[in-house]
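One file, run-v8.cif, carrying mmCIF, C-alpha atoms (C1' of nucleotides):
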```
data_run
loop_
_atom_site.label_atom_id
_atom_site.label_comp_id
_atom_site.auth_asym_id
_atom_site.auth_seq_id
_atom_site.Cartn_x
_atom_site.Cartn_y
_atom_site.Cartn_z
CA MET G 1 64.76 104.51 -27.96
CA PRO G 2 62.40 107.15 -29.24
CA GLU G 3 61.70 110.15 -27.09
CA ASN G 4 58.00 109.64 -27.29
CA SER G 5 55.51 107.11 -28.50
CA SER G 6 52.39 107.67 -30.53
CA ASP G 7 49.99 106.85 -27.75
CA PRO G 8 46.76 108.81 -27.84
CA HIS G 9 47.30 110.11 -24.33
CA ALA G 10 49.80 112.67 -25.42
CA PRO G 11 48.44 116.09 -24.53
CA ARG G 12 49.21 117.26 -28.04
CA ALA G 13 49.25 115.65 -31.46
CA PRO G 14 52.55 113.85 -32.12
CA TYR G 15 53.65 116.38 -34.70
CA MET G 16 53.23 119.11 -32.09
CA GLU G 17 55.74 117.36 -29.87
CA VAL G 18 58.26 117.19 -32.69
CA LEU G 19 57.59 120.82 -33.57
CA ALA G 20 58.06 121.99 -30.00
CA ALA G 21 61.30 120.07 -29.57
CA LEU G 22 62.81 121.33 -32.81
CA THR G 23 61.70 124.89 -32.20
CA ALA G 24 63.28 124.87 -28.76
CA GLU G 25 66.54 123.46 -30.10
CA ILE G 26 66.75 125.94 -32.92
CA GLU G 27 66.06 128.87 -30.65
CA ALA G 28 68.57 127.53 -28.15
CA GLY G 29 71.19 127.58 -30.90
CA LYS G 30 71.74 123.85 -31.05
CA TYR G 31 71.77 124.17 -34.83
CA ALA G 32 73.69 127.21 -36.01
CA PRO G 33 72.31 129.38 -38.83
CA GLY G 34 73.04 127.57 -42.08
CA ALA G 35 73.41 124.21 -40.38
CA LEU G 36 71.25 121.26 -41.34
CA ILE G 37 68.58 120.09 -38.97
CA PRO G 38 68.00 116.32 -38.77
CA SER G 39 66.54 114.67 -41.84
CA ASP G 40 63.05 113.23 -42.02
CA ALA G 41 64.40 109.76 -41.40
CA GLN G 42 66.38 110.90 -38.38
CA LEU G 43 63.36 112.62 -36.92
CA CYS G 44 61.28 109.48 -37.44
CA GLU G 45 63.90 107.45 -35.61
CA ARG G 46 64.35 109.92 -32.81
CA PHE G 47 60.70 110.63 -32.08
CA GLY G 48 59.23 107.30 -33.06
CA VAL G 49 56.82 108.82 -35.54
CA ALA G 50 55.95 108.26 -39.18
CA ARG G 51 57.62 110.37 -41.80
CA GLU G 52 54.43 112.24 -42.53
CA THR G 53 54.31 113.33 -38.92
CA ALA G 54 57.93 114.49 -38.92
CA ARG G 55 57.35 116.34 -42.17
CA ARG G 56 54.32 118.08 -40.75
CA ALA G 57 56.46 119.58 -38.02
CA VAL G 58 59.19 120.55 -40.49
CA LYS G 59 56.60 122.20 -42.71
CA VAL G 60 55.49 124.45 -39.86
CA LEU G 61 59.08 125.43 -39.14
CA ARG G 62 59.47 126.36 -42.79
CA GLU G 63 56.23 128.34 -42.81
CA ARG G 64 57.41 130.19 -39.73
CA GLY G 65 60.66 131.07 -41.41
CA LEU G 66 62.92 129.22 -39.00
CA ILE G 67 64.34 126.93 -41.69
CA ARG G 68 64.91 126.76 -45.44
CA THR G 69 64.44 123.42 -47.18
CA GLU G 70 66.59 122.32 -50.12
CA TRP G 71 65.53 119.41 -52.27
CA GLY G 72 67.92 116.50 -51.92
CA ARG G 73 70.01 118.27 -49.27
CA GLY G 74 67.98 118.94 -46.20
CA SER G 75 66.67 121.85 -44.18
CA ARG G 76 68.94 124.60 -42.91
CA VAL G 77 68.40 127.01 -40.06
CA VAL G 78 67.73 130.50 -41.38
CA ASP G 79 69.93 133.37 -40.28
CA ARG G 80 67.48 135.86 -38.86
CA SER G 81 70.01 138.44 -37.77
CA ALA G 82 69.52 142.03 -38.91
CA GLY G 83 70.14 142.48 -42.60
CA ALA G 84 70.16 138.80 -43.43
CA ASP G 85 68.25 137.66 -46.53
CA PRO G 86 65.23 135.61 -45.42
CA GLY G 87 65.15 133.72 -48.69
CA ASN G 88 61.35 133.61 -48.94
CA GLN G 89 60.85 129.87 -48.67
CA GLY G 90 57.16 129.80 -47.83
CA PRO G 91 54.01 131.70 -47.04
CA ALA G 92 54.08 134.02 -44.08
CA VAL G 93 52.42 132.04 -41.33
CA PRO G 94 54.00 133.36 -38.15
CA ASN G 95 52.04 131.29 -35.70
CA ALA G 96 49.13 128.92 -35.20
CA MET A 1 7.22 109.43 -23.23
CA PRO A 2 10.09 107.01 -23.58
CA GLU A 3 9.02 103.98 -25.49
CA ASN A 4 11.13 101.42 -23.70
CA SER A 5 12.67 102.68 -20.49
CA SER A 6 10.68 100.17 -18.46
CA ASP A 7 10.13 97.51 -21.06
CA PRO A 8 12.06 94.33 -20.23
CA HIS A 9 11.64 93.16 -23.82
CA ALA A 10 13.32 96.22 -25.29
CA PRO A 11 16.32 95.35 -27.44
CA ARG A 12 19.67 96.57 -26.23
CA ALA A 13 21.12 99.64 -27.82
CA PRO A 14 23.05 98.80 -31.01
CA TYR A 15 26.38 99.63 -29.44
CA MET A 16 25.60 97.10 -26.70
CA GLU A 17 25.27 94.40 -29.32
CA VAL A 18 28.64 95.29 -30.78
CA LEU A 19 30.18 95.49 -27.34
CA ALA A 20 28.82 92.12 -26.29
CA ALA A 21 30.00 90.43 -29.47
CA LEU A 22 33.52 91.88 -29.28
CA THR A 23 33.85 91.16 -25.59
CA ALA A 24 32.85 87.55 -26.13
CA GLU A 25 35.30 87.15 -28.99
CA ILE A 26 38.19 88.70 -27.10
CA GLU A 27 37.57 86.56 -24.05
CA ALA A 28 37.23 83.51 -26.26
CA GLY A 29 40.69 84.26 -27.62
CA LYS A 30 39.59 84.96 -31.17
CA TYR A 31 42.01 87.88 -31.16
CA ALA A 32 45.31 87.05 -29.51
CA PRO A 33 46.94 89.55 -27.12
CA GLY A 34 48.62 92.16 -29.26
CA ALA A 35 46.47 91.41 -32.28
CA LEU A 36 44.38 94.10 -33.91
CA ILE A 37 40.65 93.95 -33.52
CA PRO A 38 38.58 94.98 -36.56
CA SER A 39 38.75 98.65 -37.52
CA ASP A 40 35.88 101.08 -37.15
CA ALA A 41 34.98 100.61 -40.79
CA GLN A 42 35.01 96.82 -40.50
CA LEU A 43 32.78 96.93 -37.45
CA CYS A 44 30.36 99.22 -39.27
CA GLU A 45 30.23 96.80 -42.16
CA ARG A 46 29.87 93.72 -40.02
CA PHE A 47 27.22 94.98 -37.61
CA GLY A 48 25.46 97.37 -39.94
CA VAL A 49 25.92 100.37 -37.66
CA ALA A 50 27.27 103.87 -37.99
CA ARG A 51 30.87 104.54 -37.11
CA GLU A 52 29.91 106.48 -34.04
CA THR A 53 28.12 103.43 -32.73
CA ALA A 54 31.04 101.11 -33.39
CA ARG A 55 33.38 103.58 -31.73
CA ARG A 56 31.22 103.70 -28.65
CA ALA A 57 31.63 99.97 -28.18
CA VAL A 58 35.36 100.20 -28.79
CA LYS A 59 35.59 103.00 -26.26
CA VAL A 60 34.04 100.83 -23.58
CA LEU A 61 36.47 98.02 -24.37
CA ARG A 62 39.29 100.51 -23.97
CA GLU A 63 37.91 101.84 -20.70
CA ARG A 64 37.62 98.30 -19.42
CA GLY A 65 41.24 97.64 -20.30
CA LEU A 66 40.57 94.91 -22.84
CA ILE A 67 42.19 96.81 -25.69
CA ARG A 68 44.75 99.51 -26.36
CA THR A 69 44.11 102.01 -29.15
CA GLU A 70 46.93 103.44 -31.28
CA TRP A 71 46.30 106.47 -33.41
CA GLY A 72 46.59 105.69 -37.08
CA ARG A 73 47.11 101.98 -36.44
CA GLY A 74 44.15 100.38 -34.73
CA SER A 75 43.18 98.78 -31.43
CA ARG A 76 45.08 95.84 -29.99
CA VAL A 77 44.01 93.27 -27.44
CA VAL A 78 45.79 93.83 -24.14
CA ASP A 79 47.80 91.04 -22.59
CA ARG A 80 46.19 90.62 -19.19
CA SER A 81 48.35 87.73 -18.04
CA ALA A 82 50.03 88.03 -14.64
CA GLY A 83 52.83 90.55 -14.66
CA ALA A 84 51.86 92.13 -17.94
CA ASP A 85 51.82 95.92 -18.15
CA PRO A 86 48.23 97.12 -18.61
CA GLY A 87 49.40 100.29 -20.30
CA ASN A 88 46.84 102.56 -18.66
CA GLN A 89 44.91 103.45 -21.77
CA GLY A 90 41.86 104.97 -20.18
CA PRO A 91 39.98 105.84 -17.04
CA ALA A 92 39.11 102.99 -14.74
CA VAL A 93 35.51 102.21 -15.62
CA PRO A 94 35.34 98.47 -15.12
CA ASN A 95 31.64 98.03 -15.59
CA ALA A 96 28.31 99.79 -15.93
"C1'" DT L 1 80.49 107.56 -66.62
"C1'" DT L 2 77.93 104.62 -63.56
"C1'" DA L 3 76.33 103.12 -59.19
"C1'" DT L 4 74.82 103.70 -54.63
"C1'" DA L 5 73.19 106.16 -50.66
"C1'" DT L 6 70.81 110.02 -48.71
"C1'" DT L 7 67.23 113.41 -48.67
"C1'" DT L 8 63.17 115.74 -50.02
"C1'" DG L 9 58.68 115.60 -52.90
"C1'" DT L 10 54.53 113.24 -53.81
"C1'" DC L 11 50.89 109.85 -53.85
"C1'" DC L 12 48.09 105.96 -52.16
"C1'" DG L 13 45.39 103.28 -48.75
"C1'" DT L 14 43.91 102.62 -44.14
"C1'" DA L 15 42.87 103.96 -39.32
"C1'" DT L 16 41.72 106.93 -35.51
"C1'" DG L 17 40.26 111.73 -33.52
"C1'" DT L 18 37.07 115.36 -33.78
"C1'" DA L 19 33.27 118.23 -35.22
"C1'" DT L 20 28.81 119.19 -37.40
"C1'" DG L 21 24.37 118.34 -39.21
"C1'" DA S 1 21.78 106.72 -33.74
"C1'" DC S 2 23.05 108.00 -38.34
"C1'" DA S 3 25.73 110.47 -42.19
"C1'" DT S 4 29.28 113.40 -43.61
"C1'" DA S 5 33.43 115.94 -43.54
"C1'" DC S 6 37.88 117.09 -42.18
"C1'" DA S 7 42.33 116.66 -39.39
"C1'" DT S 8 45.90 113.79 -37.81
"C1'" DA S 9 48.62 109.56 -38.05
"C1'" DC S 10 50.78 105.25 -39.76
"C1'" DG S 11 52.90 102.46 -43.52
"C1'" DG S 12 54.43 101.77 -47.90
"C1'" DA S 13 55.87 103.08 -52.51
"C1'" DC S 14 58.03 105.65 -56.09
"C1'" DA S 15 60.17 109.94 -58.22
"C1'" DA S 16 63.50 113.69 -58.27
"C1'" DA S 17 67.66 116.11 -56.57
"C1'" DT S 18 71.91 115.71 -54.37
"C1'" DA S 19 76.34 113.77 -52.68
"C1'" DT S 20 79.81 110.47 -52.73
"C1'" DA S 21 82.55 106.45 -54.37
#
```

Write-out of the structure in structure tokens:
Amino acid sequence: MPENSSDPHAPRAPYMEVLAALTAEIEAGKYAPGALIPSDAQLCERFGVARETARRAVKVLRERGLIRTEWGRGSRVVDRSAGADPGNQGPAVPNA
Amino acid sequence: MPENSSDPHAPRAPYMEVLAALTAEIEAGKYAPGALIPSDAQLCERFGVARETARRAVKVLRERGLIRTEWGRGSRVVDRSAGADPGNQGPAVPNA
DNA sequence: TTATATTTGTCCGTATGTATG
DNA sequence: ACATACATACGGACAAATATA
């Protein structure tokens, strides 16, 4: 069962919910640096949203530098420890 | 001076016409519970009104609990049979 | 090599939510 | 009340890159 539904009563837009959940998990270390986060399809299944909505959240994570996305592979958590190469995967958009 | 605030022959506001027509059709069973009612664009076309006007009528239907609105999908007729979950889609504003 | 499955990239059409003239 | 524009969302479709059998 999805964690949330797309009802219009959600305090935030659906993609915001996905974004908040993924951000929290990444910062909590649920996905180690270099590890793959769930795929688009898995996020759709888990959150009960359309792929576009899942991708919108993933895009923000990429813009914020939390993940790197590789075509055909998935998105990996970026190692942000001192001295690590950021990889420059997107424009610098630290926050919204 | 208002041209019709005390004129019993004044026509109802356009959104009232849309509201009355949709209410009658829903209660007549034209749209089964769970079925989608016409979209904003279809209502505009059918009644010859602006989208804002169609949406006002739809909003009242939602507030009255006759329909449930899903973002990106449409508005569905609520099953109001005994024991059915109303879904709580809006503030309780049963009538004007 | 080919075939299949998975994943991301992109595009289309439709619908609602919101804001501004 | 009308007209327009944009943001957000859903659903489907296809292409391109990757991984595996």

Legend entry - Residues returned when the PyMOL selection byres ((chain L) within 8 of (chain G)) runs on this file, as a ChimeraX atom specification: /L:6-9

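Between atom CA of G:Asp79 and atom CA of G:Pro33 the interatomic distance comes to 4.9 Å.
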
Find the residues near A:Thr23: any atom within 10 Å, counting only C-alpha atoms (C1' of nucleotides), skip ones fewer than 3 places away on the same chain, and give them as a JSON list (two decimals) with C-alpha atoms, in the coordinates of the input.
```json
[["chain", "number", "residue", "atom", "x", "y", "z"],
["A", 17, "GLU", "CA", 25.27, 94.40, -29.32],
["A", 18, "VAL", "CA", 28.64, 95.29, -30.78],
["A", 19, "LEU", "CA", 30.18, 95.49, -27.34],
["A", 20, "ALA", "CA", 28.82, 92.12, -26.29],
["A", 26, "ILE", "CA", 38.19, 88.70, -27.10],
["A", 27, "GLU", "CA", 37.57, 86.56, -24.05],
["A", 28, "ALA", "CA", 37.23, 83.51, -26.26],
["A", 29, "GLY", "CA", 40.69, 84.26, -27.62],
["A", 57, "ALA", "CA", 31.63, 99.97, -28.18],
["A", 58, "VAL", "CA", 35.36, 100.20, -28.79],
["A", 60, "VAL", "CA", 34.04, 100.83, -23.58],
["A", 61, "LEU", "CA", 36.47, 98.02, -24.37],
["A", 66, "LEU", "CA", 40.57, 94.91, -22.84]]
```

Inset, instruction - Starting from the displayed file, determine the output of the PyMOL selection byres ((chain A) within 12 of (chain S)) and express the residue list as an NGL selection string. - result: :A and (13-15 or 44 or 48-54 or 56 or 70-74)

Inset, instruction - Would you mind reading off the distance between atom CA of A:Lys59 and atom CA of A:Ile37, one decimal, in Å? - result: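 Interatomic distance here is 12.7 Å.
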
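Interatomic distance, atom CA of A:Glu63 to atom CA of A:Leu22: 13.9 Å.
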
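Using all atoms listed in the file, the smallest distance between any of A:Val77, A:Arg68, A:Gln42, A:Glu25 and chain G comes from A:Arg68.
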
Emit as AutoDock Vina command-line options the padded axis-aligned box for all listed atoms of stretch 50-69 of chain A, 6 Å per side, with centre and edge lengths in Å to one decimal.
```
--center_x 36.0 --center_y 100.7 --center_z -28.7 --size_x 29.5 --size_y 23.6 --size_z 30.6
```
